[in-house]
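Colleague: Let me begin by handing over the structure; questions about it come next.
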Amino acid sequence: MALALSWLTVLPVRAGTPDAGVAAGALRWAPVVGALLGAAAGGVLVGLAALGVPSLVAGLLTVGFLALATRGMHLDGLADTADGLGCYGPPERALAVMRDGGAGPFAVVTLIVVLGAQAASLAAIAPYGWRAVAAA
């Protein structure tokens with residue numbers, strides 16, 4: 001669990017140098033870490049709604065919280081994939097684009113659409129209190 005937390009979150013968890021068995025175990029804990037992140041995000045969402053923050057703003061802030069809590073790892077992968085798929089070149093070119101550290105236009109548009117949809121979805125469940133925590 002400690003290794004999964006150190007890999008998937010910004011929490012300062014010391015996990016040491018993993019061997020293959022510990023790494024495999026960390027992967028089995030990944031869904032639990034995801035559930036913890038979801039519950040924390042739901043708490044942020046409900047807390048912001050309770051403070052009177054407009055639902056869409058609360059949704060955007062919650063999406064930002066998740067990006068910070070996970071080091072944006074999933075966002076980086078999504079952006080790289082979008083750029084690779086949008087480069088209109090042979091597979092070698094797509095891989096080179098995906099390895100490049102920059103974000104191209106396909107990445108930017110994809111991130112705007114995906115993060116906007118996530119924020120809007122969270123905004124829709126914000127008024128439901130503790131059920132929003134479970135849903136997140």
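In the structure tokens, each chain is lettered A, B, ... as it comes, each chain's residues begin at 1, and ligands are numbered from 1 in order of appearance.
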Taking 5 positions as the minimum chain separation for residues in the same chain, which residues sit within 9 Å of Leu61 in chain A when counting only C-alpha atoms? Answer as a PyMOL selection string.
Modeller: chain A and resi 44-45+48+56+66+119
Colleague: Just to be explicit: take each residue in the selection above, keep all heavy atoms, and write the result as a CSV table (one decimal), in the first residue's frame.
Modeller:
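What ended up in selection06.csv:
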chain,number,residue,atom,x,y,z
A,44,VAL,N,-13.8,17.4,-0.8
A,44,VAL,CA,-13.5,18.7,-1.3
A,44,VAL,C,-14.7,19.3,-2.0
A,44,VAL,O,-15.1,20.5,-1.7
A,44,VAL,CB,-12.3,18.7,-2.2
A,44,VAL,CG1,-12.1,20.1,-2.9
A,44,VAL,CG2,-11.0,18.4,-1.5
A,45,LEU,N,-15.3,18.6,-2.9
A,45,LEU,CA,-16.5,19.1,-3.6
A,45,LEU,C,-17.7,19.4,-2.7
A,45,LEU,O,-18.2,20.5,-2.8
A,45,LEU,CB,-17.0,18.0,-4.6
A,45,LEU,CG,-18.2,18.3,-5.4
A,45,LEU,CD1,-17.9,19.4,-6.4
A,45,LEU,CD2,-18.7,17.0,-6.1
A,48,LEU,N,-16.7,22.5,-0.6
A,48,LEU,CA,-16.9,23.8,-1.3
A,48,LEU,C,-18.3,24.2,-1.5
A,48,LEU,O,-18.7,25.3,-1.4
A,48,LEU,CB,-16.1,23.6,-2.6
A,48,LEU,CG,-14.6,23.6,-2.6
A,48,LEU,CD1,-14.0,23.2,-3.9
A,48,LEU,CD2,-14.0,24.9,-2.1
A,56,LEU,N,-20.2,24.7,-10.5
A,56,LEU,CA,-19.2,24.6,-11.6
A,56,LEU,C,-17.8,25.0,-11.1
A,56,LEU,O,-16.9,24.3,-11.4
A,56,LEU,CB,-19.6,25.3,-12.8
A,56,LEU,CG,-18.7,25.1,-14.0
A,56,LEU,CD1,-18.6,23.6,-14.4
A,56,LEU,CD2,-19.2,25.8,-15.2
A,66,LEU,N,-7.6,17.0,-7.7
A,66,LEU,CA,-7.2,15.7,-8.1
A,66,LEU,C,-5.9,15.7,-8.9
A,66,LEU,O,-5.1,14.8,-8.8
A,66,LEU,CB,-8.3,15.0,-8.9
A,66,LEU,CG,-9.4,14.4,-8.0
A,66,LEU,CD1,-10.6,13.9,-8.9
A,66,LEU,CD2,-8.9,13.2,-7.2
A,119,ALA,N,-15.4,18.5,-14.6
A,119,ALA,CA,-15.9,19.5,-13.7
A,119,ALA,C,-17.4,19.6,-13.8
A,119,ALA,O,-18.1,19.8,-12.7
A,119,ALA,CB,-15.2,20.8,-14.1
Colleague: So that I can check the surroundings of Asp80 in chain A, please list as a JSON list (two decimals) with all heavy atoms, in the first residue's frame every protein, DNA and RNA residue that reaches within 6 Å of it, counting only C-alpha atoms and ignoring chain neighbours fewer than 3 positions away.
Modeller:
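File produced: result14.json:
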[["chain", "number", "residue", "atom", "x", "y", "z"],
["A", 77, "GLY", "N", -0.41, 11.64, -19.46],
["A", 77, "GLY", "CA", -0.61, 10.51, -20.36],
["A", 77, "GLY", "C", -1.70, 10.77, -21.38],
["A", 77, "GLY", "O", -1.57, 10.43, -22.56],
["A", 83, "ASP", "N", -1.85, 13.92, -28.56],
["A", 83, "ASP", "CA", -0.88, 14.44, -29.53],
["A", 83, "ASP", "C", -0.39, 13.35, -30.46],
["A", 83, "ASP", "O", -0.25, 13.56, -31.67],
["A", 83, "ASP", "CB", 0.32, 15.08, -28.82],
["A", 83, "ASP", "CG", 0.05, 16.53, -28.44],
["A", 83, "ASP", "OD1", -0.89, 17.14, -28.99],
["A", 83, "ASP", "OD2", 0.79, 17.06, -27.60],
["A", 98, "MET", "N", 4.73, 11.63, -28.85],
["A", 98, "MET", "CA", 4.29, 11.28, -27.50],
["A", 98, "MET", "C", 5.44, 11.38, -26.49],
["A", 98, "MET", "O", 5.22, 11.69, -25.32],
["A", 98, "MET", "CB", 3.69, 9.88, -27.50],
["A", 98, "MET", "CG", 2.34, 9.84, -28.21],
["A", 98, "MET", "SD", 1.69, 8.20, -28.58],
["A", 98, "MET", "CE", 1.56, 7.47, -26.99]]
Colleague: Smallest atom-to-atom distance to Ala49 in chain A: which of A:Leu68, A:Leu95, A:Val114, A:Ala123, using only C-alpha atoms?
Modeller: A:Ala123
Colleague: Applying 7 Å and only C-alpha atoms, which residues near Ala82 in chain A remain after dropping the ones on its own chain fewer than 6 positions away? List them as a count of residues only.
Modeller: 3
Colleague: Give me the residues near Gly25 in chain A as a list in words, where near means some atom within 12 Å (using only C-alpha atoms) and where sequence neighbours in that chain fewer than 4 positions away do not count.
Modeller: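 Here the qualifying residues turn out to be Met1, Ala2, Leu3, Ala4, Leu5, Pro18, Asp19, Ala20, Gly21, Trp29, Ala30, Pro31 and Val32 of chain A.
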Colleague: Would you mind exporting the chosen residues as a compact mmCIF listing (two decimals), in the first residue's frame, restricted to N, CA and C atoms?
Modeller:
# COMPACT_ATOMS: atom_id res chain seq x y z
N MET A 1 0.84 -1.19 0.00
CA MET A 1 0.00 0.00 0.00
C MET A 1 0.88 1.25 0.00
N ALA A 2 1.95 1.23 0.78
CA ALA A 2 2.83 2.40 0.83
C ALA A 2 3.42 2.71 -0.54
N LEU A 3 3.84 1.69 -1.24
CA LEU A 3 4.41 1.91 -2.57
C LEU A 3 3.35 2.45 -3.52
N ALA A 4 2.14 1.94 -3.47
CA ALA A 4 1.06 2.44 -4.32
C ALA A 4 0.78 3.91 -4.02
N LEU A 5 0.76 4.27 -2.76
CA LEU A 5 0.55 5.67 -2.39
C LEU A 5 1.69 6.55 -2.89
N PRO A 18 11.65 -1.09 -4.32
CA PRO A 18 10.77 -2.27 -4.45
C PRO A 18 11.41 -3.37 -5.29
N ASP A 19 11.08 -4.59 -4.93
CA ASP A 19 11.42 -5.71 -5.80
C ASP A 19 10.17 -6.03 -6.62
N ALA A 20 10.24 -7.01 -7.47
CA ALA A 20 9.13 -7.32 -8.38
C ALA A 20 7.86 -7.69 -7.61
N GLY A 21 7.99 -8.42 -6.52
CA GLY A 21 6.82 -8.83 -5.74
C GLY A 21 6.14 -7.64 -5.08
N TRP A 29 -2.97 -2.64 -5.05
CA TRP A 29 -3.51 -1.62 -4.15
C TRP A 29 -3.97 -0.38 -4.90
N ALA A 30 -3.67 -0.26 -6.19
CA ALA A 30 -4.02 0.94 -6.96
C ALA A 30 -5.51 1.28 -6.90
N PRO A 31 -6.43 0.31 -7.02
CA PRO A 31 -7.85 0.68 -6.92
C PRO A 31 -8.23 1.26 -5.55
N VAL A 32 -7.57 0.80 -4.51
CA VAL A 32 -7.84 1.35 -3.17
C VAL A 32 -7.37 2.79 -3.10
Colleague: Have a look at A:Arg14, A:Arg28, A:Ala135, A:Asp100 and name the one nearest to Ala41 in chain A; count only C-alpha atoms.
Modeller: A:Ala135
Colleague: Write down as a PyMOL selection string the residues belonging to chain A that are assigned alpha helix (DSSP H) by DSSP computed on the backbone.
Modeller: chain A and resi 2-8+20-50+55-69+73-85+91-99+105-125+130-135
Colleague: When you look at Gly42 in chain A with a cut-off of 9 Å (counting only C-alpha atoms), what residues show up, excluding the ones that are within fewer than 4 positions of it in the same chain? I need them as a list in words.
Modeller: Leu37, Gly38, Val46, Gly47, Thr62, Leu122, Ala126, Gly129, Trp130, Arg131, Ala132, Val133, Ala134, Ala135 and Ala136 of chain A
Colleague: If we count only C-alpha atoms, what is near Thr9 in chain A at a cut-off of 7 Å, once residues fewer than 4 positions away on the same chain are taken out, given as an MDAnalysis selection string?
Modeller: chainID A and resid 5 69:71
Colleague: Please indicate the distance in Å from CA of Ser6 in chain A to CA of Leu78 in chain A, rounded to one decimal place.
Modeller: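 For CA of Ser6 in chain A relative to CA of Leu78 in chain A, the distance reads 20.8 Å.
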